[in-house]
Every structure is written in structure tokens, then in C-alpha cells.
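Just my_file_12.txt here, compact mmCIF, C-alpha atoms:
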```txt
# COMPACT_ATOMS: atom_id res chain seq x y z
CA MET A 1 -34.20 -11.55 -54.62
CA VAL A 2 -32.17 -14.64 -53.82
CA CYS A 3 -31.10 -15.51 -57.37
CA GLU A 4 -28.96 -13.13 -59.39
CA LYS A 5 -30.10 -14.82 -62.56
CA PRO A 6 -33.80 -15.64 -62.78
CA ALA A 7 -35.05 -19.10 -61.98
CA GLU A 8 -37.25 -19.44 -65.06
CA LYS A 9 -35.50 -22.71 -65.93
CA ARG A 10 -37.22 -24.17 -62.90
CA VAL A 11 -40.54 -24.47 -64.68
CA PHE A 12 -43.74 -25.71 -63.06
CA LEU A 13 -46.19 -27.07 -65.65
CA CYS A 14 -49.62 -27.77 -64.22
CA TYR A 15 -52.14 -30.14 -65.76
CA GLN A 16 -55.58 -30.98 -64.44
CA LEU A 17 -56.58 -34.62 -64.79
CA GLN A 18 -59.89 -35.77 -63.31
CA GLY A 19 -59.82 -33.01 -60.71
CA THR A 20 -56.23 -33.72 -59.64
CA TYR A 21 -53.40 -31.32 -60.36
CA ILE A 22 -50.21 -32.95 -61.61
CA PHE A 23 -46.99 -30.96 -61.53
CA LEU A 24 -43.94 -31.56 -63.69
CA MET A 25 -40.90 -29.88 -62.19
CA GLU A 26 -37.68 -29.07 -63.99
CA SER A 27 -34.99 -28.06 -61.52
CA GLU A 28 -31.61 -26.48 -62.00
CA PHE A 29 -29.22 -27.79 -59.39
CA SER A 30 -25.62 -27.49 -58.27
CA LYS A 31 -23.90 -30.33 -56.49
CA TYR A 32 -21.35 -29.95 -53.69
CA HIS A 33 -19.81 -32.11 -51.01
CA ALA A 34 -18.31 -31.42 -47.60
CA LEU A 35 -16.01 -34.31 -46.66
CA GLY A 36 -18.15 -36.70 -48.71
CA ASN A 37 -21.50 -35.44 -47.38
CA ASP A 38 -23.08 -34.41 -50.71
CA PHE A 39 -25.99 -32.07 -51.34
CA LEU A 40 -27.85 -30.66 -54.32
CA VAL A 41 -28.62 -26.94 -54.12
CA VAL A 42 -31.80 -25.57 -55.72
CA GLU A 43 -32.92 -21.94 -55.64
CA TYR A 44 -36.28 -20.21 -55.85
CA SER A 45 -36.63 -16.45 -56.39
CA THR A 46 -40.09 -16.58 -54.82
CA ARG A 47 -41.54 -18.75 -52.05
CA ARG A 48 -40.39 -22.36 -52.25
CA PRO A 49 -42.92 -25.08 -53.14
CA PRO A 50 -44.69 -26.93 -50.28
CA LYS A 51 -42.66 -29.29 -48.13
CA SER A 52 -44.56 -32.28 -49.46
CA LYS A 53 -43.59 -31.46 -53.04
CA MET A 54 -39.96 -30.75 -52.08
CA GLY A 55 -39.89 -34.04 -50.18
CA ARG A 56 -40.96 -35.93 -53.29
CA LEU A 57 -38.35 -34.10 -55.33
CA ALA A 58 -35.69 -35.02 -52.76
CA GLU A 59 -36.60 -38.71 -52.91
CA SER A 60 -36.44 -38.64 -56.70
CA ILE A 61 -33.39 -36.50 -57.37
CA CYS A 62 -31.28 -37.96 -54.55
CA ASP A 63 -31.67 -41.56 -55.76
CA ARG A 64 -28.17 -42.72 -56.70
CA ARG A 65 -29.41 -45.03 -59.47
CA THR A 66 -32.26 -43.18 -61.14
CA GLY A 67 -31.60 -39.59 -60.03
CA VAL A 68 -28.57 -37.34 -59.62
CA GLY A 69 -27.63 -38.88 -56.26
CA ALA A 70 -27.06 -37.07 -52.96
CA ASP A 71 -27.60 -37.22 -49.21
CA GLY A 72 -30.16 -34.43 -49.50
CA ILE A 73 -31.18 -31.20 -51.18
CA LEU A 74 -30.73 -27.63 -49.96
CA CYS A 75 -33.49 -25.24 -50.95
CA ILE A 76 -32.59 -21.54 -50.88
CA SER A 77 -35.52 -19.13 -51.04
CA PRO A 78 -36.36 -15.61 -49.80
CA GLY A 79 -36.40 -15.22 -46.02
CA LYS A 80 -38.32 -12.79 -43.82
CA LYS A 81 -35.52 -11.94 -41.36
CA THR A 82 -32.28 -12.06 -43.35
CA GLY A 83 -33.47 -12.36 -46.93
CA LEU A 84 -32.19 -15.93 -47.16
CA LYS A 85 -34.07 -19.03 -46.05
CA LEU A 86 -32.49 -22.49 -46.13
CA ASP A 87 -34.59 -25.65 -46.05
CA ILE A 88 -32.96 -29.08 -45.85
CA PHE A 89 -34.63 -32.21 -47.22
CA ASN A 90 -33.06 -35.60 -46.60
CA ALA A 91 -32.71 -38.26 -49.27
CA ASP A 92 -35.76 -40.07 -47.85
CA GLY A 93 -37.88 -36.95 -48.41
CA SER A 94 -38.03 -35.85 -44.77
CA TRP A 95 -37.44 -32.22 -43.81
CA ALA A 96 -34.57 -31.42 -41.43
CA GLU A 97 -34.25 -28.45 -39.08
CA LYS A 98 -30.52 -28.00 -39.61
CA SER A 99 -27.39 -29.16 -41.44
CA GLY A 100 -23.95 -27.89 -40.53
CA ASN A 101 -22.41 -29.07 -43.80
CA GLY A 102 -25.51 -27.88 -45.65
CA LEU A 103 -25.07 -24.36 -44.29
CA ARG A 104 -21.45 -24.28 -45.40
CA ILE A 105 -22.38 -25.59 -48.85
CA ALA A 106 -25.19 -23.04 -49.26
CA GLY A 107 -22.78 -20.24 -48.33
CA LEU A 108 -20.23 -21.37 -50.90
CA HIS A 109 -22.93 -21.69 -53.54
CA LEU A 110 -23.97 -18.07 -53.12
CA HIS A 111 -20.34 -16.93 -52.95
CA ARG A 112 -19.68 -18.59 -56.30
CA ARG A 113 -22.60 -16.60 -57.70
CA ASP A 114 -21.22 -13.33 -56.33
CA ARG A 115 -17.52 -13.43 -55.41
CA ARG A 116 -17.78 -10.08 -53.62
CA ARG A 117 -19.94 -11.60 -50.89
CA ARG A 118 -18.12 -13.70 -48.30
CA SER A 119 -20.62 -13.88 -45.43
CA PHE A 120 -24.28 -14.87 -45.26
CA GLU A 121 -27.09 -15.21 -42.74
CA PHE A 122 -29.51 -18.09 -43.28
CA GLU A 123 -32.86 -18.66 -41.62
CA THR A 124 -33.15 -22.37 -40.87
CA GLY A 125 -35.81 -24.39 -39.11
CA SER A 126 -34.47 -23.61 -35.65
CA SER A 127 -32.41 -20.40 -35.76
CA VAL A 128 -30.55 -17.83 -37.86
CA ASP A 129 -27.05 -19.08 -38.69
CA HIS A 130 -23.97 -17.28 -39.96
CA VAL A 131 -21.73 -18.63 -42.75
CA GLU A 132 -18.37 -17.19 -43.81
CA ILE A 133 -16.04 -18.07 -46.67
CA VAL A 134 -12.64 -18.23 -44.98
CA ARG A 135 -10.44 -18.76 -48.03
CA ARG A 136 -10.11 -20.54 -51.33
CA ARG A 137 -7.62 -23.38 -51.42
CA ARG A 138 -6.15 -25.41 -54.24
CA THR A 139 -8.97 -27.92 -54.70
CA ASP A 140 -11.63 -26.66 -52.29
CA TYR A 141 -12.86 -23.78 -50.16
CA LEU A 142 -12.50 -23.45 -46.41
CA VAL A 143 -15.92 -22.44 -45.07
CA ARG A 144 -17.08 -21.67 -41.53
CA SER A 145 -20.61 -21.90 -40.18
CA GLU A 146 -21.85 -20.91 -36.74
CA LEU A 147 -24.62 -22.77 -34.92
CA ALA A 148 -26.81 -21.58 -32.06
CA PRO A 149 -26.05 -22.79 -28.50
CA PRO A 150 -26.88 -26.46 -27.82
CA LYS A 151 -29.91 -27.57 -25.82
CA PHE A 152 -29.98 -30.51 -23.43
CA ALA A 153 -33.50 -30.56 -21.98
CA CYS A 154 -35.32 -33.70 -23.08
CA SER A 155 -38.34 -31.62 -24.05
CA GLU A 156 -36.19 -29.57 -26.42
CA VAL A 157 -34.14 -32.36 -28.05
CA PRO A 158 -36.78 -33.99 -28.00
CA VAL A 159 -36.57 -37.27 -26.06
CA LYS A 160 -39.46 -39.08 -24.41
CA SER A 161 -38.14 -39.58 -20.90
CA LYS A 162 -39.10 -39.01 -17.28
CA ARG A 163 -35.68 -37.44 -16.86
CA SER A 164 -35.03 -33.77 -17.47
CA TYR A 165 -31.74 -34.50 -19.25
CA MET A 166 -30.05 -37.49 -20.89
CA ILE A 167 -26.35 -36.99 -20.17
CA ASN A 168 -24.39 -40.24 -19.87
CA THR A 169 -27.73 -41.91 -19.19
CA PRO A 170 -28.72 -45.53 -20.01
CA LEU A 171 -30.91 -45.92 -23.10
CA ARG A 172 -32.66 -49.21 -23.77
CA VAL A 173 -31.76 -50.51 -27.24
CA GLY A 174 -33.17 -53.97 -27.83
CA ASN A 175 -31.99 -56.19 -24.99
CA VAL A 176 -29.20 -53.90 -23.77
CA SER A 177 -28.84 -50.50 -22.13
CA LEU A 178 -26.28 -48.12 -23.63
CA PRO A 179 -25.01 -44.91 -21.99
CA VAL A 180 -25.92 -41.98 -24.24
CA THR A 181 -25.90 -38.20 -24.23
CA CYS A 182 -28.82 -36.57 -26.05
CA LEU A 183 -28.80 -32.96 -27.19
CA SER A 184 -29.96 -30.61 -29.90
CA VAL A 185 -27.66 -28.40 -31.95
CA GLY A 186 -30.62 -27.25 -34.01
CA ASN A 187 -31.52 -30.88 -34.76
CA PRO A 188 -31.63 -33.94 -32.47
CA HIS A 189 -28.52 -36.02 -31.72
CA THR A 190 -27.67 -39.06 -29.62
CA VAL A 191 -23.98 -39.52 -28.82
CA LEU A 192 -22.32 -42.77 -27.73
CA PHE A 193 -18.68 -43.00 -26.67
CA VAL A 194 -16.93 -46.16 -27.86
CA ASP A 195 -13.48 -47.72 -27.51
CA SER A 196 -13.42 -48.80 -31.16
CA LEU A 197 -15.36 -48.13 -34.34
CA ASP A 198 -14.64 -51.64 -35.60
CA PHE A 199 -18.23 -52.90 -35.31
CA ASP A 200 -21.48 -52.69 -37.26
CA TRP A 201 -22.35 -49.18 -36.15
CA PRO A 202 -24.64 -48.43 -39.16
CA THR A 203 -27.04 -51.17 -38.06
CA LEU A 204 -27.02 -49.88 -34.49
CA GLY A 205 -27.40 -46.29 -35.72
CA LEU A 206 -30.46 -47.20 -37.75
CA GLU A 207 -32.02 -48.97 -34.76
CA ILE A 208 -31.41 -46.01 -32.44
CA GLU A 209 -32.70 -43.51 -35.03
CA HIS A 210 -36.12 -45.16 -35.00
CA LEU A 211 -36.52 -45.82 -31.27
CA LYS A 212 -39.87 -44.69 -29.84
CA ALA A 213 -37.92 -42.53 -27.38
CA PHE A 214 -37.25 -40.09 -30.22
CA PRO A 215 -40.52 -38.66 -31.59
CA ASN A 216 -38.69 -36.80 -34.39
CA ARG A 217 -36.12 -39.59 -34.83
CA THR A 218 -32.48 -38.79 -34.07
CA ASN A 219 -29.03 -38.51 -35.58
CA VAL A 220 -26.54 -40.87 -33.97
CA GLU A 221 -22.81 -40.29 -33.31
CA PHE A 222 -20.31 -42.99 -32.36
CA VAL A 223 -17.32 -41.21 -30.86
CA LYS A 224 -13.83 -42.49 -30.08
CA ILE A 225 -11.80 -40.04 -27.98
CA LEU A 226 -8.20 -39.79 -29.21
CA THR A 227 -6.89 -36.86 -27.16
CA HIS A 228 -8.33 -33.87 -25.29
CA ARG A 229 -8.43 -32.00 -28.61
CA LYS A 230 -9.02 -34.74 -31.14
CA LEU A 231 -11.74 -37.34 -31.64
CA ARG A 232 -12.83 -39.78 -34.30
CA LEU A 233 -16.44 -39.95 -35.39
CA ALA A 234 -18.72 -42.34 -37.26
CA ASP A 235 -22.04 -40.68 -37.96
CA TRP A 236 -25.47 -42.06 -38.76
CA GLU A 237 -27.74 -39.32 -40.13
CA ARG A 238 -31.48 -39.33 -39.70
CA GLY A 239 -33.12 -39.79 -43.08
CA ALA A 240 -29.85 -40.25 -44.98
CA GLY A 241 -27.82 -42.99 -43.25
CA ALA A 242 -24.02 -43.14 -43.23
CA THR A 243 -23.06 -39.95 -45.05
CA GLY A 244 -19.28 -39.87 -44.65
CA SER A 245 -19.38 -36.79 -42.44
CA SER A 246 -21.80 -34.49 -40.63
CA GLY A 247 -21.33 -30.91 -39.48
CA THR A 248 -23.99 -30.96 -36.79
CA GLY A 249 -22.81 -34.47 -35.85
CA ALA A 250 -19.29 -33.12 -35.28
CA ALA A 251 -20.73 -30.26 -33.22
CA ALA A 252 -22.85 -32.62 -31.11
CA ALA A 253 -19.92 -34.98 -30.57
CA VAL A 254 -17.66 -32.23 -29.24
CA VAL A 255 -20.36 -30.70 -27.03
CA ALA A 256 -21.19 -34.12 -25.57
CA ALA A 257 -17.51 -34.86 -25.01
CA VAL A 258 -17.08 -31.54 -23.17
CA VAL A 259 -20.07 -31.99 -20.87
CA ASN A 260 -18.83 -35.51 -20.07
CA GLY A 261 -15.38 -34.15 -19.18
CA GLN A 262 -13.51 -35.86 -22.02
CA THR A 263 -12.25 -33.06 -24.28
CA ASP A 264 -11.60 -29.35 -24.56
CA ARG A 265 -14.10 -27.04 -26.26
CA LYS A 266 -11.94 -26.74 -29.37
CA CYS A 267 -11.38 -30.03 -31.18
CA GLU A 268 -10.50 -31.63 -34.48
CA VAL A 269 -13.17 -34.14 -35.48
CA ILE A 270 -11.83 -36.82 -37.80
CA PHE A 271 -13.92 -38.76 -40.33
CA ASP A 272 -12.69 -41.33 -42.84
CA SER A 273 -13.02 -38.58 -45.47
CA GLY A 274 -11.06 -35.88 -43.61
CA SER A 275 -11.54 -33.60 -40.63
CA ILE A 276 -13.47 -30.55 -39.46
CA GLN A 277 -12.57 -28.07 -36.72
CA VAL A 278 -15.16 -27.49 -34.00
CA ASN A 279 -15.05 -24.68 -31.46
CA TRP A 280 -17.76 -24.54 -28.79
CA GLN A 281 -17.19 -20.94 -27.78
CA GLN A 282 -17.25 -20.26 -24.08
CA SER A 283 -18.18 -16.59 -24.51
CA ASP A 284 -21.64 -17.16 -26.04
CA ASP A 285 -22.02 -20.98 -26.27
CA ARG A 286 -22.32 -20.83 -30.04
CA ILE A 287 -20.58 -23.54 -32.06
CA GLU A 288 -18.19 -22.83 -34.94
CA LEU A 289 -17.60 -25.42 -37.67
CA THR A 290 -14.72 -24.90 -40.08
CA GLY A 291 -13.88 -27.30 -42.88
CA PRO A 292 -13.57 -27.89 -46.62
CA VAL A 293 -16.34 -27.70 -49.22
CA ASN A 294 -16.00 -28.78 -52.86
CA PHE A 295 -18.08 -27.84 -55.88
CA ILE A 296 -18.83 -30.88 -58.07
CA CYS A 297 -21.12 -29.93 -60.97
CA SER A 298 -24.28 -28.14 -62.12
CA GLY A 299 -27.13 -29.40 -64.28
CA GLU A 300 -30.86 -29.71 -64.86
CA TYR A 301 -33.19 -32.40 -63.60
CA GLY A 302 -36.73 -33.12 -64.72
CA ALA A 303 -39.04 -35.07 -62.42
CA ARG A 304 -42.73 -35.78 -62.04
```
Represent the structure of the file as C-alpha cells.
Amino acid sequence: MVCEKPAEKRVFLCYQLQGTYIFLMESEFSKYHALGNDFLVVEYSTRRPPKSKMGRLAESICDRRTGVGADGILCISPGKKTGLKLDIFNADGSWAEKSGNGLRIAGLHLHRRDRRRRSFEFETGSSVDHVEIVRRRRTDYLVRSELAPPKFACSEVPVKSKRSYMINTPLRVGNVSLPVTCLSVGNPHTVLFVDSLDFDWPTLGLEIEHLKAFPNRTNVEFVKILTHRKLRLADWERGAGATGSSGTGAAAAVVAAVVNGQTDRKCEVIFDSGSIQVNWQQSDDRIELTGPVNFICSGEYGAR
């Protein structure tokens, strides 16, 4: 069982109208943020509802005017390998393979349910990922997640290209070609190194996200190198937009910086909302993310 207390408050009422089944869903949720990247956590003690239904819930509940408001929802349900499965749904209703901040938030959520447990293994769309509660601080928790080794092959990111890899390679964006590094850290990322973040990067991020070169769309990172162990990041997230911070975005930025010879493997990644520590471990190529997570509130949401 995933939930220590039963999930009966998440009631599915089914009505049949002219041969069509209509579901009314009432969902308990808990809201958290990791450096401004906010998620709503929902739990199911049995198999989660279909992706299409969860996508519609995400669109509804994440609306910042008519819903609770968030960058996405995290769905925790029983897993086959570790007992815990984590599905991520963006605010636009799309499903995501991975979220670094989402993993850390899910770990804290379960820790708050059972203070004796400090480490968790989650099955995500692309791997099994470890989460550890490092310590409680005055206003937040310090939480570490570990991601699987990055992938660079265009077929694995994926990127539609005749090249095998896109590392510091020109990408056509409108009427210009921009040097990019494409990789997957469990989800697709496109990294651009810039001298300044004082430009309309959200508009450019949105354009790159939807390029035909990316069949599954892409997250986009604009990276300014500060030192060999410190960089500044503006992140455009696929399906959510400018979210304030991104765990997998920070991981992708550091990995791209390392393979382009610009930083060490261990870096501080700075967002406007704070910073996260990234360590691309040389021993096994896995990526550690360590940073703050805050609990915001819990409640119930009813949606059709």
C-alpha cells in the first residue's frame, strides 16, 4: 500500500448518460514547491486512473485562476519494482517521463506521512530513482534525488537529426542557427550557453520547445557560466513554461557544461529563486540533485 491512510476521499462517481460514462473526481492533494517550482501531490492506493483522465485533471487543477494552481501534479501509486510509482503530469495535461524537483517533493511528501522513513525508490517513466531526506531546516527540508546517467544519442533524447549527437551543434531556429547541446536526463533537454540572460528567453524557449526537430518536444536551458563550479540558469519547461527552477534542467545544464569543457562535475546552479547543488558523479555517471523543498498546504479539489 502506498497510502498509510486510505484514499476513500478520492471518490470516483460514475454516471452513464446516453452511452457515455462521465466521471466526477474529488481529489485530496498536498502542495509543495522546490525553489518556486510548485507541484500538487495526489495518491492512489490502487492503480492510478488512465493518463488521459489524469491529464484532464492536471489541466483543471493546475489552472492558477480557476483551480488550485501549480506547474504540474505528481501522482503516487503502487509500483511493480519498488512499491512506489511516480507519474508526472504538466500543467498543460501532458505526461512527463521525469522531474528532478518532483522526485524530491514526492520523497518529502511520503516522509511527512511517516517520519521514520528518510529514503525512497520511485519508478518513473524512464528509470528507478532514489530520493533521500537529508535534513530538516528552519523553513524547509533539504532533499536529495539521484538521476540515472545522461544519454546523448539523438535517437535516445530524441532529436530528429542526421547526426549521432548534438553537442555544441548548430540548430536552426527561425532564421538563425544557434549552437546547442541536446541530451536526456530521463527527459529531453536542449542547452544553450549565453553571455547574458537579459533577453526574452521565454519566447525563444517556447519556440525551441515546439521545433519539429524534437518529436516529444524539449525542455530548454539558457545557461550563463559564472565560474568552473557555479552557473546561472533560466529554464523553460516543456508543458509548463517558465517555472522558476527545474531539477532536471539543472542536471542537464551541468552535464552539458562539463561535456563542453566549461565547468567541473560538481556545481551550484543558481536560479532567481535560489540554488541547487548538482553532482555528476564520475564513479557511476549518476546525477545527484540536492536542494530545498517547502510544504505549502493540503486540501480537497472537486473536478469534472
Nearest to A:Ala256 by atom-to-atom distance, counting only C-alpha atoms, from A:Ala148, A:Val42, A:Val191, A:Ala58: A:Val191
Mind giving me the straight-line distance from atom CA of A:Ser94 to atom CA of A:Ala153 in Å, one decimal?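 These two atoms are separated by 23.8 Å.
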Around (-30.6, -38.0, -19.1), as given in the file, which residues come within 9 Å? Count all atoms listed in the file and list them as a PyMOL selection string. chain A and resi 152-154+161-171+180-182
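Distance check against A:Ile270 using all atoms listed in the file: of A:Ala252, A:Ile296, A:Ile225, A:Leu178, the minimum falls on A:Ile225.
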By how many Å are atom CA of A:Leu57 and atom CA of A:Leu40 apart? 11.1 Å
Would you list the contacts of A:Leu110 as a tab-separated table (two decimals) with C-alpha atoms, in the frame of the given file, taking every protein, DNA or RNA residue within 12 Å and counting only C-alpha atoms, but skipping same-chain residues closer than 2 positions in sequence?
```tsv
chain	number	residue	atom	x	y	z
A	2	VAL	CA	-32.17	-14.64	-53.82
A	3	CYS	CA	-31.10	-15.51	-57.37
A	4	GLU	CA	-28.96	-13.13	-59.39
A	5	LYS	CA	-30.10	-14.82	-62.56
A	30	SER	CA	-25.62	-27.49	-58.27
A	41	VAL	CA	-28.62	-26.94	-54.12
A	42	VAL	CA	-31.80	-25.57	-55.72
A	43	GLU	CA	-32.92	-21.94	-55.64
A	76	ILE	CA	-32.59	-21.54	-50.88
A	77	SER	CA	-35.52	-19.13	-51.04
A	84	LEU	CA	-32.19	-15.93	-47.16
A	86	LEU	CA	-32.49	-22.49	-46.13
A	103	LEU	CA	-25.07	-24.36	-44.29
A	104	ARG	CA	-21.45	-24.28	-45.40
A	105	ILE	CA	-22.38	-25.59	-48.85
A	106	ALA	CA	-25.19	-23.04	-49.26
A	107	GLY	CA	-22.78	-20.24	-48.33
A	108	LEU	CA	-20.23	-21.37	-50.90
A	112	ARG	CA	-19.68	-18.59	-56.30
A	113	ARG	CA	-22.60	-16.60	-57.70
A	114	ASP	CA	-21.22	-13.33	-56.33
A	115	ARG	CA	-17.52	-13.43	-55.41
A	116	ARG	CA	-17.78	-10.08	-53.62
A	117	ARG	CA	-19.94	-11.60	-50.89
A	118	ARG	CA	-18.12	-13.70	-48.30
A	119	SER	CA	-20.62	-13.88	-45.43
A	120	PHE	CA	-24.28	-14.87	-45.26
A	121	GLU	CA	-27.09	-15.21	-42.74
A	122	PHE	CA	-29.51	-18.09	-43.28
A	131	VAL	CA	-21.73	-18.63	-42.75
A	132	GLU	CA	-18.37	-17.19	-43.81
A	133	ILE	CA	-16.04	-18.07	-46.67
A	295	PHE	CA	-18.08	-27.84	-55.88
```
Would you work out the distance separating atom CA of A:Arg48 from atom CA of A:Ile88, expressed in Å to one decimal? 11.9 Å
Residues proximal to (-17.0, -45.2, -28.0) were defined as those with any atom within 7 Å of that point in the file's coordinates, counting all atoms listed in the file. Which are they, as a PyMOL selection string? chain A and resi 192-196+222-224
Tell me, counting only C-alpha atoms, for each residue of stretch 134-219 of chain A within 8 Å of stretch 230-251 of chain A, which pair of atoms is nearest and how far apart they are in Å to one decimal, in rows ordered by chain and increasing number, as JSON lines.
```
{"residue": "A:Val185", "atom": "CA", "partner": "A:Thr248", "partner_atom": "CA", "distance": 6.6}
{"residue": "A:Asn187", "atom": "CA", "partner": "A:Thr248", "partner_atom": "CA", "distance": 7.8}
{"residue": "A:His189", "atom": "CA", "partner": "A:Gly249", "partner_atom": "CA", "distance": 7.2}
{"residue": "A:Leu197", "atom": "CA", "partner": "A:Ala234", "partner_atom": "CA", "distance": 7.3}
{"residue": "A:Trp201", "atom": "CA", "partner": "A:Ala234", "partner_atom": "CA", "distance": 7.8}
{"residue": "A:Pro202", "atom": "CA", "partner": "A:Trp236", "partner_atom": "CA", "distance": 6.4}
{"residue": "A:Gly205", "atom": "CA", "partner": "A:Trp236", "partner_atom": "CA", "distance": 5.6}
{"residue": "A:Leu206", "atom": "CA", "partner": "A:Trp236", "partner_atom": "CA", "distance": 7.2}
{"residue": "A:Glu209", "atom": "CA", "partner": "A:Arg238", "partner_atom": "CA", "distance": 6.4}
{"residue": "A:Arg217", "atom": "CA", "partner": "A:Arg238", "partner_atom": "CA", "distance": 6.7}
{"residue": "A:Thr218", "atom": "CA", "partner": "A:Arg238", "partner_atom": "CA", "distance": 5.7}
{"residue": "A:Asn219", "atom": "CA", "partner": "A:Glu237", "partner_atom": "CA", "distance": 4.8}
```
Keeping C-alpha atoms, export the residues of the selection given above as a compact mmCIF listing (two decimals), keeping the file's coordinate frame.
```
# COMPACT_ATOMS: atom_id res chain seq x y z
CA VAL A 185 -27.66 -28.40 -31.95
CA ASN A 187 -31.52 -30.88 -34.76
CA HIS A 189 -28.52 -36.02 -31.72
CA LEU A 197 -15.36 -48.13 -34.34
CA TRP A 201 -22.35 -49.18 -36.15
CA PRO A 202 -24.64 -48.43 -39.16
CA GLY A 205 -27.40 -46.29 -35.72
CA LEU A 206 -30.46 -47.20 -37.75
CA GLU A 209 -32.70 -43.51 -35.03
CA ARG A 217 -36.12 -39.59 -34.83
CA THR A 218 -32.48 -38.79 -34.07
CA ASN A 219 -29.03 -38.51 -35.58
```
Long-range neighbours of A:Asp71 as a PyMOL selection string, 7 Å cut-off, all atoms listed in the file, 6 positions minimum in chain: chain A and resi 37-39+62+90-91+240+243
File of the preceding selection, C-alpha atoms, as a tab-separated table (two decimals), keeping the file's coordinate frame:
```tsv
chain	number	residue	atom	x	y	z
A	37	ASN	CA	-21.50	-35.44	-47.38
A	38	ASP	CA	-23.08	-34.41	-50.71
A	39	PHE	CA	-25.99	-32.07	-51.34
A	62	CYS	CA	-31.28	-37.96	-54.55
A	90	ASN	CA	-33.06	-35.60	-46.60
A	91	ALA	CA	-32.71	-38.26	-49.27
A	240	ALA	CA	-29.85	-40.25	-44.98
A	243	THR	CA	-23.06	-39.95	-45.05
```
Pick from A:Leu289, A:Phe199, A:Thr263, A:Leu211 nearest to A:Ser275, counting all atoms listed in the file: A:Leu289
Looking at A:Pro215, A:Gly174, A:Gly83, A:Gly93, which one is nearest to A:Arg56, with distances taken over all atoms listed in the file?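 Checking each candidate against A:Arg56, we get A:Gly93 as the closest.
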Judged by all atoms listed in the file, the minimum distance to A:Ser45 among A:Ala96, A:Cys75, A:Ala257, A:Val134 is found for A:Cys75
Quick one: residues within 8 Å of A:Asn216, only C-alpha atoms, excluding same-chain residues fewer than 2 positions away - as a short mmCIF file (atom, residue, chain, number, x, y, z; two decimals) with C-alpha atoms, in the coordinates of the input?
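Below you can see out-v5.cif, which holds the result:
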```cif
data_model
loop_
_atom_site.label_atom_id
_atom_site.label_comp_id
_atom_site.auth_asym_id
_atom_site.auth_seq_id
_atom_site.Cartn_x
_atom_site.Cartn_y
_atom_site.Cartn_z
CA PRO A 158 -36.78 -33.99 -28.00
CA PRO A 188 -31.63 -33.94 -32.47
CA PHE A 214 -37.25 -40.09 -30.22
CA THR A 218 -32.48 -38.79 -34.07
#
```
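Proximity of A:Ser145, A:Asn101, A:Thr203, A:Ser273 to A:Val293, computed with all atoms listed in the file, is greatest for A:Asn101.
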Please supply stretch 241-252 of chain A, rebuilt with N, CA and C atoms, as a PDB file, in the frame of the given file.
```
ATOM      1  N   GLY A 241     -28.707 -41.864 -43.522  1.00  0.00           N
ATOM      2  CA  GLY A 241     -27.820 -42.990 -43.250  1.00  0.00           C
ATOM      3  C   GLY A 241     -26.388 -42.569 -43.000  1.00  0.00           C
ATOM      4  N   ALA A 242     -25.452 -43.424 -43.405  1.00  0.00           N
ATOM      5  CA  ALA A 242     -24.020 -43.140 -43.230  1.00  0.00           C
ATOM      6  C   ALA A 242     -23.574 -42.221 -44.356  1.00  0.00           C
ATOM      7  N   THR A 243     -23.304 -40.966 -44.026  1.00  0.00           N
ATOM      8  CA  THR A 243     -23.060 -39.950 -45.050  1.00  0.00           C
ATOM      9  C   THR A 243     -21.589 -39.588 -45.233  1.00  0.00           C
ATOM     10  N   GLY A 244     -20.696 -40.208 -44.514  1.00  0.00           N
ATOM     11  CA  GLY A 244     -19.280 -39.870 -44.650  1.00  0.00           C
ATOM     12  C   GLY A 244     -18.831 -38.807 -43.669  1.00  0.00           C
ATOM     13  N   SER A 245     -19.672 -37.808 -43.453  1.00  0.00           N
ATOM     14  CA  SER A 245     -19.380 -36.790 -42.440  1.00  0.00           C
ATOM     15  C   SER A 245     -20.666 -36.049 -42.113  1.00  0.00           C
ATOM     16  N   SER A 246     -20.646 -35.305 -41.018  1.00  0.00           N
ATOM     17  CA  SER A 246     -21.800 -34.490 -40.630  1.00  0.00           C
ATOM     18  C   SER A 246     -21.304 -33.299 -39.829  1.00  0.00           C
ATOM     19  N   GLY A 247     -21.721 -32.100 -40.219  1.00  0.00           N
ATOM     20  CA  GLY A 247     -21.330 -30.910 -39.480  1.00  0.00           C
ATOM     21  C   GLY A 247     -21.988 -30.830 -38.124  1.00  0.00           C
ATOM     22  N   THR A 248     -23.311 -30.994 -38.089  1.00  0.00           N
ATOM     23  CA  THR A 248     -23.990 -30.960 -36.790  1.00  0.00           C
ATOM     24  C   THR A 248     -23.597 -32.163 -35.942  1.00  0.00           C
ATOM     25  N   GLY A 249     -23.283 -33.303 -36.601  1.00  0.00           N
ATOM     26  CA  GLY A 249     -22.810 -34.470 -35.850  1.00  0.00           C
ATOM     27  C   GLY A 249     -21.486 -34.189 -35.173  1.00  0.00           C
ATOM     28  N   ALA A 250     -20.581 -33.504 -35.879  1.00  0.00           N
ATOM     29  CA  ALA A 250     -19.290 -33.120 -35.280  1.00  0.00           C
ATOM     30  C   ALA A 250     -19.516 -32.173 -34.118  1.00  0.00           C
ATOM     31  N   ALA A 251     -20.425 -31.211 -34.289  1.00  0.00           N
ATOM     32  CA  ALA A 251     -20.730 -30.260 -33.220  1.00  0.00           C
ATOM     33  C   ALA A 251     -21.281 -30.987 -31.997  1.00  0.00           C
ATOM     34  N   ALA A 252     -22.240 -31.881 -32.213  1.00  0.00           N
ATOM     35  CA  ALA A 252     -22.850 -32.620 -31.110  1.00  0.00           C
ATOM     36  C   ALA A 252     -21.832 -33.494 -30.395  1.00  0.00           C
TER      37      ALA A 252
END
```
